>>> print(open('run-v1.cif').read())   # mmCIF, C-alpha atoms; chains and numbers go by the auth columns
data_input
loop_
_atom_site.group_PDB
_atom_site.id
_atom_site.type_symbol
_atom_site.label_atom_id
_atom_site.label_comp_id
_atom_site.label_asym_id
_atom_site.label_seq_id
_atom_site.Cartn_x
_atom_site.Cartn_y
_atom_site.Cartn_z
_atom_site.B_iso_or_equiv
_atom_site.auth_seq_id
_atom_site.auth_asym_id
ATOM 1 C CA MET A 1 74.587 98.712 -8.536 0.00 293 K
ATOM 2 C CA THR A 2 72.204 96.261 -6.837 0.00 294 K
ATOM 3 C CA LYS A 3 71.948 96.659 -3.070 0.00 295 K
ATOM 4 C CA ASN A 4 71.907 93.702 -0.715 0.00 296 K
ATOM 5 C CA TYR A 5 69.292 93.883 2.059 0.00 297 K
ATOM 6 C CA LYS A 6 69.178 91.580 5.078 0.00 298 K
ATOM 7 C CA ILE A 7 66.800 91.586 8.015 0.00 299 K
ATOM 8 C CA ILE A 8 67.778 89.135 10.722 0.00 300 K
ATOM 9 C CA VAL A 9 64.982 87.473 12.664 0.00 301 K
ATOM 10 C CA ALA A 10 66.142 86.796 16.206 0.00 302 K
ATOM 11 C CA THR A 11 64.703 83.598 17.652 0.00 303 K
ATOM 12 C CA HIS A 12 65.493 81.031 20.316 0.00 304 K
ATOM 13 C CA LYS A 13 62.960 78.442 19.162 0.00 305 K
ATOM 14 C CA GLN A 14 61.342 76.934 16.099 0.00 306 K
ATOM 15 C CA SER A 15 58.804 79.342 14.669 0.00 307 K
ATOM 16 C CA THR A 16 57.051 80.207 11.413 0.00 308 K
ATOM 17 C CA MET A 17 59.502 82.266 9.370 0.00 309 K
ATOM 18 C CA PRO A 18 59.059 84.589 6.362 0.00 310 K
ATOM 19 C CA ALA A 19 58.960 82.986 2.930 0.00 311 K
ATOM 20 C CA ASP A 20 61.331 85.608 1.503 0.00 312 K
ATOM 21 C CA THR A 21 64.617 83.970 2.456 0.00 313 K
ATOM 22 C CA ASP A 22 66.555 86.464 0.342 0.00 314 K
ATOM 23 C CA LEU A 23 65.518 89.334 2.634 0.00 315 K
ATOM 24 C CA TYR A 24 64.855 87.625 5.973 0.00 316 K
ATOM 25 C CA LEU A 25 67.506 85.565 7.751 0.00 317 K
ATOM 26 C CA PRO A 26 66.441 83.667 10.893 0.00 318 K
ATOM 27 C CA ILE A 27 69.168 83.720 13.545 0.00 319 K
ATOM 28 C CA HIS A 28 69.248 81.210 16.394 0.00 320 K
ATOM 29 C CA VAL A 29 70.384 83.526 19.201 0.00 321 K
ATOM 30 C CA GLY A 30 72.097 81.944 22.169 0.00 322 K
ATOM 31 C CA SER A 31 72.858 78.862 20.088 0.00 323 K
ATOM 32 C CA GLU A 32 76.108 78.096 21.913 0.00 324 K
ATOM 33 C CA GLY A 33 75.695 74.701 23.577 0.00 325 K
ATOM 34 C CA LYS A 34 72.121 74.338 22.333 0.00 326 K
ATOM 35 C CA GLU A 35 70.542 71.856 19.929 0.00 327 K
ATOM 36 C CA LYS A 36 70.448 73.320 16.424 0.00 328 K
ATOM 37 C CA LEU A 37 67.120 74.619 15.127 0.00 329 K
ATOM 38 C CA GLY A 38 68.015 74.626 11.431 0.00 330 K
ATOM 39 C CA TYR A 39 68.624 78.386 11.386 0.00 331 K
ATOM 40 C CA GLN A 40 71.826 80.391 11.153 0.00 332 K
ATOM 41 C CA CYS A 41 73.551 80.081 14.533 0.00 333 K
ATOM 42 C CA ASP A 42 75.017 83.078 16.330 0.00 334 K
ATOM 43 C CA ASN A 43 77.966 81.064 17.691 0.00 335 K
ATOM 44 C CA GLU A 44 79.874 80.910 14.400 0.00 336 K
ATOM 45 C CA GLY A 45 82.759 83.170 13.460 0.00 337 K
ATOM 46 C CA ASP A 46 83.306 86.247 15.622 0.00 338 K
ATOM 47 C CA ASN A 47 80.523 85.945 18.204 0.00 339 K
ATOM 48 C CA ILE A 48 79.268 86.509 21.758 0.00 340 K
ATOM 49 C CA SER A 49 76.615 83.771 21.703 0.00 341 K
ATOM 50 C CA SER A 50 77.341 82.656 25.281 0.00 342 K
ATOM 51 C CA LEU A 51 76.209 86.072 26.543 0.00 343 K
ATOM 52 C CA ASN A 52 72.680 85.631 25.187 0.00 344 K
ATOM 53 C CA PRO A 53 71.091 84.943 28.617 0.00 345 K
ATOM 54 C CA TYR A 54 72.082 88.515 29.466 0.00 346 K
ATOM 55 C CA TYR A 55 72.330 90.347 26.133 0.00 347 K
ATOM 56 C CA CYS A 56 69.198 88.873 24.485 0.00 348 K
ATOM 57 C CA GLU A 57 68.943 89.632 20.735 0.00 349 K
ATOM 58 C CA LEU A 58 72.160 91.656 20.868 0.00 350 K
ATOM 59 C CA THR A 59 74.117 88.435 20.331 0.00 351 K
ATOM 60 C CA GLY A 60 72.368 88.099 16.976 0.00 352 K
ATOM 61 C CA LEU A 61 73.063 91.735 16.140 0.00 353 K
ATOM 62 C CA TYR A 62 76.720 91.256 17.057 0.00 354 K
ATOM 63 C CA TRP A 63 76.979 88.175 14.822 0.00 355 K
ATOM 64 C CA ALA A 64 75.433 90.021 11.880 0.00 356 K
ATOM 65 C CA TRP A 65 77.683 93.039 12.427 0.00 357 K
ATOM 66 C CA LYS A 66 80.817 90.934 12.439 0.00 358 K
ATOM 67 C CA ASN A 67 79.965 88.178 9.960 0.00 359 K
ATOM 68 C CA LEU A 68 77.183 89.174 7.572 0.00 360 K
ATOM 69 C CA GLU A 69 77.994 90.998 4.340 0.00 361 K
ATOM 70 C CA CYS A 70 75.204 93.281 3.163 0.00 362 K
ATOM 71 C CA ASP A 71 74.518 96.894 2.260 0.00 363 K
ATOM 72 C CA TYR A 72 71.522 97.300 4.588 0.00 364 K
ATOM 73 C CA LEU A 73 70.910 95.429 7.823 0.00 365 K
ATOM 74 C CA GLY A 74 67.826 95.169 10.013 0.00 366 K
ATOM 75 C CA LEU A 75 66.729 93.376 13.151 0.00 367 K
ATOM 76 C CA VAL A 76 63.269 92.003 13.987 0.00 368 K
ATOM 77 C CA HIS A 77 62.040 89.159 16.201 0.00 369 K
ATOM 78 C CA TYR A 78 60.238 85.890 15.602 0.00 370 K
ATOM 79 C CA ARG A 79 57.149 87.464 17.178 0.00 371 K
ATOM 80 C CA ARG A 80 57.580 91.116 16.094 0.00 372 K
ATOM 81 C CA TYR A 81 57.853 92.269 12.481 0.00 373 K
ATOM 82 C CA PHE A 82 57.777 95.583 10.668 0.00 374 K
ATOM 83 C CA THR A 83 54.750 96.218 8.457 0.00 375 K
ATOM 84 C CA ALA A 84 54.065 98.889 5.851 0.00 376 K
ATOM 85 C CA LYS A 85 50.528 99.368 7.186 0.00 377 K
ATOM 86 C CA ARG A 86 48.933 98.885 10.574 0.00 378 K
ATOM 87 C CA HIS A 87 47.543 95.374 11.100 0.00 379 K
ATOM 88 C CA SER A 88 45.988 93.537 14.013 0.00 380 K
ATOM 89 C CA TYR A 89 46.972 89.976 14.807 0.00 381 K
ATOM 90 C CA SER A 90 44.613 87.088 14.199 0.00 382 K
ATOM 91 C CA GLU A 91 45.247 83.351 14.151 0.00 383 K
ATOM 92 C CA THR A 92 44.315 83.168 10.469 0.00 384 K
ATOM 93 C CA ILE A 93 46.683 85.884 9.302 0.00 385 K
ATOM 94 C CA ASP A 94 49.478 84.968 6.862 0.00 386 K
ATOM 95 C CA MET A 95 52.651 86.800 7.855 0.00 387 K
ATOM 96 C CA ASN A 96 53.836 86.905 4.260 0.00 388 K
ATOM 97 C CA ASP A 97 50.839 89.041 3.334 0.00 389 K
ATOM 98 C CA ILE A 98 51.624 91.757 5.856 0.00 390 K
ATOM 99 C CA ILE A 99 55.283 91.914 6.915 0.00 391 K
ATOM 100 C CA LEU A 100 57.586 94.404 5.222 0.00 392 K
ATOM 101 C CA SER A 101 58.534 93.327 1.700 0.00 393 K
ATOM 102 C CA LYS A 102 61.730 94.117 -0.159 0.00 394 K
ATOM 103 C CA SER A 103 59.993 96.533 -2.529 0.00 395 K
ATOM 104 C CA GLU A 104 58.352 98.359 0.395 0.00 396 K
ATOM 105 C CA LEU A 105 61.708 98.510 2.165 0.00 397 K
ATOM 106 C CA GLN A 106 63.419 99.959 -0.892 0.00 398 K
ATOM 107 C CA ASP A 107 60.743 102.648 -1.205 0.00 399 K
ATOM 108 C CA LEU A 108 61.154 103.603 2.452 0.00 400 K
ATOM 109 C CA LEU A 109 64.943 103.755 2.267 0.00 401 K
ATOM 110 C CA ALA A 110 64.745 105.981 -0.800 0.00 402 K
ATOM 111 C CA GLU A 111 63.561 108.752 1.500 0.00 403 K
ATOM 112 C CA SER A 112 64.995 107.802 4.888 0.00 404 K
ATOM 113 C CA ASP A 113 68.204 106.596 6.518 0.00 405 K
ATOM 114 C CA VAL A 114 66.853 104.512 9.357 0.00 406 K
ATOM 115 C CA ILE A 115 63.561 102.666 9.801 0.00 407 K
ATOM 116 C CA VAL A 116 62.267 102.236 13.344 0.00 408 K
ATOM 117 C CA PRO A 117 59.043 100.966 14.957 0.00 409 K
ATOM 118 C CA LYS A 118 56.376 103.433 16.005 0.00 410 K
ATOM 119 C CA LYS A 119 57.365 104.931 19.334 0.00 411 K
ATOM 120 C CA ARG A 120 56.076 103.255 22.456 0.00 412 K
ATOM 121 C CA LYS A 121 54.342 105.964 24.474 0.00 413 K
ATOM 122 C CA TYR A 122 54.220 105.757 28.265 0.00 414 K
ATOM 123 C CA TYR A 123 52.238 108.976 28.890 0.00 415 K
ATOM 124 C CA ILE A 124 52.463 108.911 32.709 0.00 416 K
ATOM 125 C CA GLU A 125 56.071 107.694 32.803 0.00 417 K
ATOM 126 C CA THR A 126 59.429 108.794 31.455 0.00 418 K
ATOM 127 C CA LEU A 127 61.808 106.206 30.034 0.00 419 K
ATOM 128 C CA TYR A 128 63.772 106.476 33.273 0.00 420 K
ATOM 129 C CA SER A 129 60.847 106.250 35.696 0.00 421 K
ATOM 130 C CA HIS A 130 59.264 103.383 33.777 0.00 422 K
ATOM 131 C CA TYR A 131 62.459 101.362 34.017 0.00 423 K
ATOM 132 C CA ALA A 132 62.879 102.334 37.673 0.00 424 K
ATOM 133 C CA HIS A 133 59.363 101.153 38.525 0.00 425 K
ATOM 134 C CA THR A 134 59.510 97.913 36.530 0.00 426 K
ATOM 135 C CA HIS A 135 63.154 96.909 37.080 0.00 427 K
ATOM 136 C CA ASP A 136 66.032 98.573 38.995 0.00 428 K
ATOM 137 C CA ALA A 137 66.954 102.228 38.510 0.00 429 K
ATOM 138 C CA ASN A 138 70.555 101.449 39.487 0.00 430 K
ATOM 139 C CA HIS A 139 71.046 99.781 36.100 0.00 431 K
ATOM 140 C CA LEU A 140 70.431 103.108 34.362 0.00 432 K
ATOM 141 C CA ASP A 141 72.440 105.059 36.930 0.00 433 K
ATOM 142 C CA VAL A 142 75.492 102.873 36.357 0.00 434 K
ATOM 143 C CA THR A 143 74.931 103.098 32.598 0.00 435 K
ATOM 144 C CA ARG A 144 74.916 106.887 32.831 0.00 436 K
ATOM 145 C CA GLN A 145 78.212 106.815 34.708 0.00 437 K
ATOM 146 C CA ILE A 146 79.740 104.591 32.017 0.00 438 K
ATOM 147 C CA VAL A 147 78.483 106.865 29.236 0.00 439 K
ATOM 148 C CA SER A 148 79.980 109.859 31.044 0.00 440 K
ATOM 149 C CA GLU A 149 83.342 108.053 31.147 0.00 441 K
ATOM 150 C CA LEU A 150 83.449 106.383 27.713 0.00 442 K
ATOM 151 C CA ARG A 151 81.346 108.754 25.610 0.00 443 K
ATOM 152 C CA PRO A 152 80.923 112.061 27.473 0.00 444 K
ATOM 153 C CA ASP A 153 79.763 113.665 24.234 0.00 445 K
ATOM 154 C CA TYR A 154 76.547 111.648 24.620 0.00 446 K
ATOM 155 C CA ILE A 155 75.744 112.470 28.252 0.00 447 K
ATOM 156 C CA ASP A 156 73.388 115.331 27.404 0.00 448 K
ATOM 157 C CA ALA A 157 71.562 113.109 24.927 0.00 449 K
ATOM 158 C CA PHE A 158 71.356 110.384 27.584 0.00 450 K
ATOM 159 C CA ASP A 159 69.790 112.749 30.097 0.00 451 K
ATOM 160 C CA GLN A 160 67.378 114.102 27.515 0.00 452 K
ATOM 161 C CA VAL A 161 66.245 110.656 26.391 0.00 453 K
ATOM 162 C CA MET A 162 65.691 109.477 29.970 0.00 454 K
ATOM 163 C CA LYS A 163 63.216 112.356 30.427 0.00 455 K
ATOM 164 C CA GLN A 164 61.208 111.403 27.332 0.00 456 K
ATOM 165 C CA ARG A 165 57.811 109.766 27.687 0.00 457 K
ATOM 166 C CA SER A 166 58.250 107.683 24.552 0.00 458 K
ATOM 167 C CA GLY A 167 60.966 105.810 22.705 0.00 459 K
ATOM 168 C CA TYR A 168 61.865 103.304 20.016 0.00 460 K
ATOM 169 C CA MET A 169 61.824 99.909 21.691 0.00 461 K
ATOM 170 C CA PHE A 170 62.609 96.241 20.971 0.00 462 K
ATOM 171 C CA ASN A 171 66.033 96.909 19.361 0.00 463 K
ATOM 172 C CA MET A 172 64.237 96.911 16.007 0.00 464 K
ATOM 173 C CA PHE A 173 65.643 98.957 13.146 0.00 465 K
ATOM 174 C CA ILE A 174 66.810 98.841 9.527 0.00 466 K
ATOM 175 C CA MET A 175 69.663 100.999 8.270 0.00 467 K
ATOM 176 C CA SER A 176 72.831 100.844 6.206 0.00 468 K
ATOM 177 C CA LYS A 177 75.429 98.342 7.360 0.00 469 K
ATOM 178 C CA GLU A 178 77.774 101.317 7.748 0.00 470 K
ATOM 179 C CA ASN A 179 75.404 102.938 10.241 0.00 471 K
ATOM 180 C CA VAL A 180 74.849 99.623 12.008 0.00 472 K
ATOM 181 C CA ALA A 181 78.612 99.284 12.416 0.00 473 K
ATOM 182 C CA ALA A 182 78.850 102.820 13.822 0.00 474 K
ATOM 183 C CA TYR A 183 76.056 102.042 16.288 0.00 475 K
ATOM 184 C CA CYS A 184 77.587 98.717 17.380 0.00 476 K
ATOM 185 C CA GLU A 185 81.023 100.283 17.834 0.00 477 K
ATOM 186 C CA TRP A 186 79.351 102.783 20.166 0.00 478 K
ATOM 187 C CA LEU A 187 76.966 100.403 21.952 0.00 479 K
ATOM 188 C CA PHE A 188 78.957 97.294 22.811 0.00 480 K
ATOM 189 C CA PRO A 189 81.766 98.965 24.804 0.00 481 K
ATOM 190 C CA ILE A 190 79.079 100.529 27.029 0.00 482 K
ATOM 191 C CA ILE A 191 77.100 97.300 27.452 0.00 483 K
ATOM 192 C CA ASP A 192 80.261 95.250 28.027 0.00 484 K
ATOM 193 C CA GLU A 193 81.403 97.653 30.751 0.00 485 K
ATOM 194 C CA LEU A 194 77.968 97.533 32.355 0.00 486 K
ATOM 195 C CA TYR A 195 78.188 93.736 32.362 0.00 487 K
ATOM 196 C CA LYS A 196 81.502 93.986 34.216 0.00 488 K
ATOM 197 C CA ARG A 197 80.219 96.387 36.843 0.00 489 K
ATOM 198 C CA LEU A 198 76.873 94.892 37.811 0.00 490 K
ATOM 199 C CA ASP A 199 76.692 91.898 40.130 0.00 491 K
ATOM 200 C CA ILE A 200 73.910 89.724 38.731 0.00 492 K
ATOM 201 C CA THR A 201 74.818 86.571 40.674 0.00 493 K
ATOM 202 C CA ASP A 202 71.447 86.290 42.396 0.00 494 K
ATOM 203 C CA TYR A 203 69.317 87.550 39.515 0.00 495 K
ATOM 204 C CA SER A 204 66.542 85.448 38.038 0.00 496 K
ATOM 205 C CA ALA A 205 66.818 84.482 34.365 0.00 497 K
ATOM 206 C CA PHE A 206 64.263 87.211 33.570 0.00 498 K
ATOM 207 C CA ASP A 207 66.098 89.931 35.493 0.00 499 K
ATOM 208 C CA ALA A 208 69.508 88.906 34.114 0.00 500 K
ATOM 209 C CA ARG A 209 68.414 89.943 30.622 0.00 501 K
ATOM 210 C CA LEU A 210 68.722 93.564 31.688 0.00 502 K
ATOM 211 C CA PHE A 211 71.514 94.365 29.226 0.00 503 K
ATOM 212 C CA GLY A 212 69.168 93.857 26.300 0.00 504 K
ATOM 213 C CA ARG A 213 66.617 96.142 27.967 0.00 505 K
ATOM 214 C CA ILE A 214 69.208 98.839 28.640 0.00 506 K
ATOM 215 C CA SER A 215 70.308 98.711 25.004 0.00 507 K
ATOM 216 C CA GLU A 216 66.752 99.557 23.925 0.00 508 K
ATOM 217 C CA ARG A 217 67.112 102.872 25.744 0.00 509 K
ATOM 218 C CA LEU A 218 70.665 103.373 24.494 0.00 510 K
ATOM 219 C CA PHE A 219 69.568 103.055 20.869 0.00 511 K
ATOM 220 C CA ASN A 220 67.465 106.170 21.425 0.00 512 K
ATOM 221 C CA VAL A 221 70.482 107.945 22.925 0.00 513 K
ATOM 222 C CA TRP A 222 72.698 107.084 19.962 0.00 514 K
ATOM 223 C CA LEU A 223 70.025 108.018 17.446 0.00 515 K
ATOM 224 C CA ALA A 224 69.460 111.419 19.082 0.00 516 K
ATOM 225 C CA LYS A 225 73.022 112.410 18.177 0.00 517 K
ATOM 226 C CA GLN A 226 72.903 111.255 14.558 0.00 518 K
ATOM 227 C CA ASP A 227 72.004 113.382 11.571 0.00 519 K
ATOM 228 C CA LEU A 228 69.789 110.696 10.061 0.00 520 K
ATOM 229 C CA ARG A 229 66.385 110.794 8.398 0.00 521 K
ATOM 230 C CA VAL A 230 64.228 108.647 10.661 0.00 522 K
ATOM 231 C CA LYS A 231 61.110 106.872 9.425 0.00 523 K
ATOM 232 C CA GLU A 232 58.652 105.341 11.903 0.00 524 K
ATOM 233 C CA ILE A 233 56.525 102.471 10.607 0.00 525 K
ATOM 234 C CA PRO A 234 54.070 100.054 12.260 0.00 526 K
ATOM 235 C CA PHE A 235 54.960 96.621 13.570 0.00 527 K
ATOM 236 C CA ILE A 236 52.885 93.589 14.451 0.00 528 K
ATOM 237 C CA TYR A 237 53.085 90.974 17.184 0.00 529 K
ATOM 238 C CA MET A 238 52.757 87.526 15.632 0.00 530 K
ATOM 239 C CA GLU A 239 51.329 86.193 18.895 0.00 531 K
ATOM 240 C CA LYS A 240 48.243 87.240 20.842 0.00 532 K
ATOM 241 C CA ILE A 241 49.120 89.794 23.534 0.00 533 K
ATOM 242 C CA ASP A 242 47.146 90.036 26.778 0.00 534 K
ATOM 243 C CA LEU A 243 46.720 93.814 26.779 0.00 535 K
ATOM 244 C CA ILE A 244 44.658 93.794 29.971 0.00 536 K
ATOM 245 C CA GLN A 245 47.357 91.953 31.932 0.00 537 K
ATOM 246 C CA LYS A 246 50.035 94.141 30.357 0.00 538 K
ATOM 247 C CA GLY A 247 48.231 97.329 31.389 0.00 539 K
ATOM 248 C CA LYS A 248 47.550 95.964 34.865 0.00 540 K
ATOM 249 C CA SER A 249 51.247 95.134 35.365 0.00 541 K
ATOM 250 C CA PHE A 250 52.232 98.606 34.128 0.00 542 K
ATOM 251 C CA LEU A 251 49.943 100.297 36.692 0.00 543 K
ATOM 252 C CA GLN A 252 50.995 97.964 39.514 0.00 544 K
ATOM 253 C CA ALA A 253 54.631 98.844 38.823 0.00 545 K
ATOM 254 C CA LYS A 254 53.864 102.560 38.654 0.00 546 K
ATOM 255 C CA PHE A 255 51.712 102.890 41.775 0.00 547 K
ATOM 256 C CA PHE A 256 52.486 99.866 43.952 0.00 548 K
ATOM 257 C CA GLY A 257 56.155 99.177 43.238 0.00 549 K
ATOM 258 C CA LYS A 258 55.549 95.684 41.848 0.00 550 K
ATOM 259 C CA LYS A 259 58.446 94.872 39.493 0.00 551 K
ATOM 260 C CA TYR A 260 57.977 93.005 36.238 0.00 552 K
ATOM 261 C CA GLY A 261 58.653 89.279 36.520 0.00 553 K
ATOM 262 C CA GLN A 262 58.000 88.216 32.930 0.00 554 K
ATOM 263 C CA SER A 263 57.928 89.450 29.366 0.00 555 K
ATOM 264 C CA PHE A 264 54.676 90.419 27.646 0.00 556 K
#
>>> encode(input="run-v1.cif", output="structure tokens")
Amino acid sequence: MTKNYKIIVATHKQSTMPADTDLYLPIHVGSEGKEKLGYQCDNEGDNISSLNPYYCELTGLYWAWKNLECDYLGLVHYRRYFTAKRHSYSETIDMNDIILSKSELQDLLAESDVIVPKKRKYYIETLYSHYAHTHDANHLDVTRQIVSELRPDYIDAFDQVMKQRSGYMFNMFIMSKENVAAYCEWLFPIIDELYKRLDITDYSAFDARLFGRISERLFNVWLAKQDLRVKEIPFIYMEKIDLIQKGKSFLQAKFFGKKYGQSF
């Protein structure tokens, strides 16, 4: 029986999209009340599109979970894609030559249950301390309390993951729709409760997106408790990244307490 694979591409603006429209589905996240971009909107059917300023790409994931029929589901971003081999960005690169193809995906899933990006390694930071230095540790403390109340069977995994010096970031993954559903059924009650408990009234637009950032850590917590064959593969930024500024901001947060004020 032929399997149906879908990788949603979360975006909030017009961008170059993959040519393989059978595999890749651009999703206009946070489309509620916005001018249409010509992509699938996340405010149709069962949706939480209005929460996008806080939940980030999770509104696209929620839409796909509730409304998209497929056997395998993945999530990437308009500027971050999985690749089968390591590539470096250049302005002349053609994304269709390097991003993960359907045949490559099928080969990977033949020997694994979930595909994730190569771990981001912090070396001198744990996942907890990095978040504490760059954002607000209270977000994770409240999250831990919620996990202890709603899913106490995951509290040991939560504590273990927070002590790690690396993790799977960006909410990027590909796995069976069944596993995606299991993850979403676990994740969203925690994130929704966190949204209720935190007062973000005076937060900047950048800081208010904390729920998406917390979910990146929570994916690692959920995955730690699953008996799944995990396959790490490379990914590429489809925009030039200022690595010097990124490293400088990381060190300023670590040693001088300067919080992040923008994405990199």
>>> residues_around(input="run-v1.cif", residues="Cys362 of chain K", least_positions_apart="3", cutoff="12 Å", atoms="all atoms listed in the file", output="NGL selection string")
:K and (294-300 or 314-315 or 317 or 356-359 or 365-366 or 466-473)
>>> resolve_selection(input="run-v1.cif", expression="the PyMOL selection byres ((chain K and resi 301-306) around 6)", output="MDAnalysis selection string")
chainID K and resid 300 307 317:321 368:370
>>> resolve_selection(input="run-v1.cif", expression="the PyMOL selection byres ((chain K and resi 479-486) around 12)", output="number ranges by chain")
K: 340, 343, 346-348, 350-351, 353-354, 357, 430-444, 446, 463, 472-478, 487-492, 501-515
>>> residues_around(input="run-v1.cif", residues="Ser404 of chain K", least_positions_apart="4", cutoff="9 Å", atoms="all atoms listed in the file", output="PyMOL selection string")
chain K and resi 400+467+520-523
>>> closest_residue(input="run-v1.cif", among="K:Val406, K:Tyr460, K:Ala516, K:Asp494", to="Ile447 of chain K", atoms="only C-alpha atoms")
K:Ala516
>>> resolve_selection(input="run-v1.cif", expression="the PyMOL selection byres ((chain K and resi 383-396) around 8)", output="list in words")
Tyr297, Pro310, Ala311, Leu315, Tyr373, Phe374, Thr375, Ala376, Lys377, His379, Tyr381, Ser382, Leu397, Gln398, Asp399, Leu400 and Met530 of chain K
>>> write_last_selection(input="run-v1.cif", atoms="C-alpha atoms", output="CSV table (one decimal), in the frame of the given file")
chain,number,residue,atom,x,y,z
K,297,TYR,CA,69.3,93.9,2.1
K,310,PRO,CA,59.1,84.6,6.4
K,311,ALA,CA,59.0,83.0,2.9
K,315,LEU,CA,65.5,89.3,2.6
K,373,TYR,CA,57.9,92.3,12.5
K,374,PHE,CA,57.8,95.6,10.7
K,375,THR,CA,54.8,96.2,8.5
K,376,ALA,CA,54.1,98.9,5.9
K,377,LYS,CA,50.5,99.4,7.2
K,379,HIS,CA,47.5,95.4,11.1
K,381,TYR,CA,47.0,90.0,14.8
K,382,SER,CA,44.6,87.1,14.2
K,397,LEU,CA,61.7,98.5,2.2
K,398,GLN,CA,63.4,100.0,-0.9
K,399,ASP,CA,60.7,102.6,-1.2
K,400,LEU,CA,61.2,103.6,2.5
K,530,MET,CA,52.8,87.5,15.6
>>> residues_around(input="run-v1.cif", residues="Gly459 of chain K", least_positions_apart="5", cutoff="7 Å", atoms="only C-alpha atoms", output="short mmCIF file (atom, residue, chain, number, x, y, z; two decimals) with C-alpha atoms, in the frame of the given file")
data_model
loop_
_atom_site.label_atom_id
_atom_site.label_comp_id
_atom_site.auth_asym_id
_atom_site.auth_seq_id
_atom_site.Cartn_x
_atom_site.Cartn_y
_atom_site.Cartn_z
CA LYS K 411 57.36 104.93 19.33
CA ARG K 412 56.08 103.26 22.46
CA LYS K 413 54.34 105.96 24.47
CA ASN K 512 67.46 106.17 21.42
#
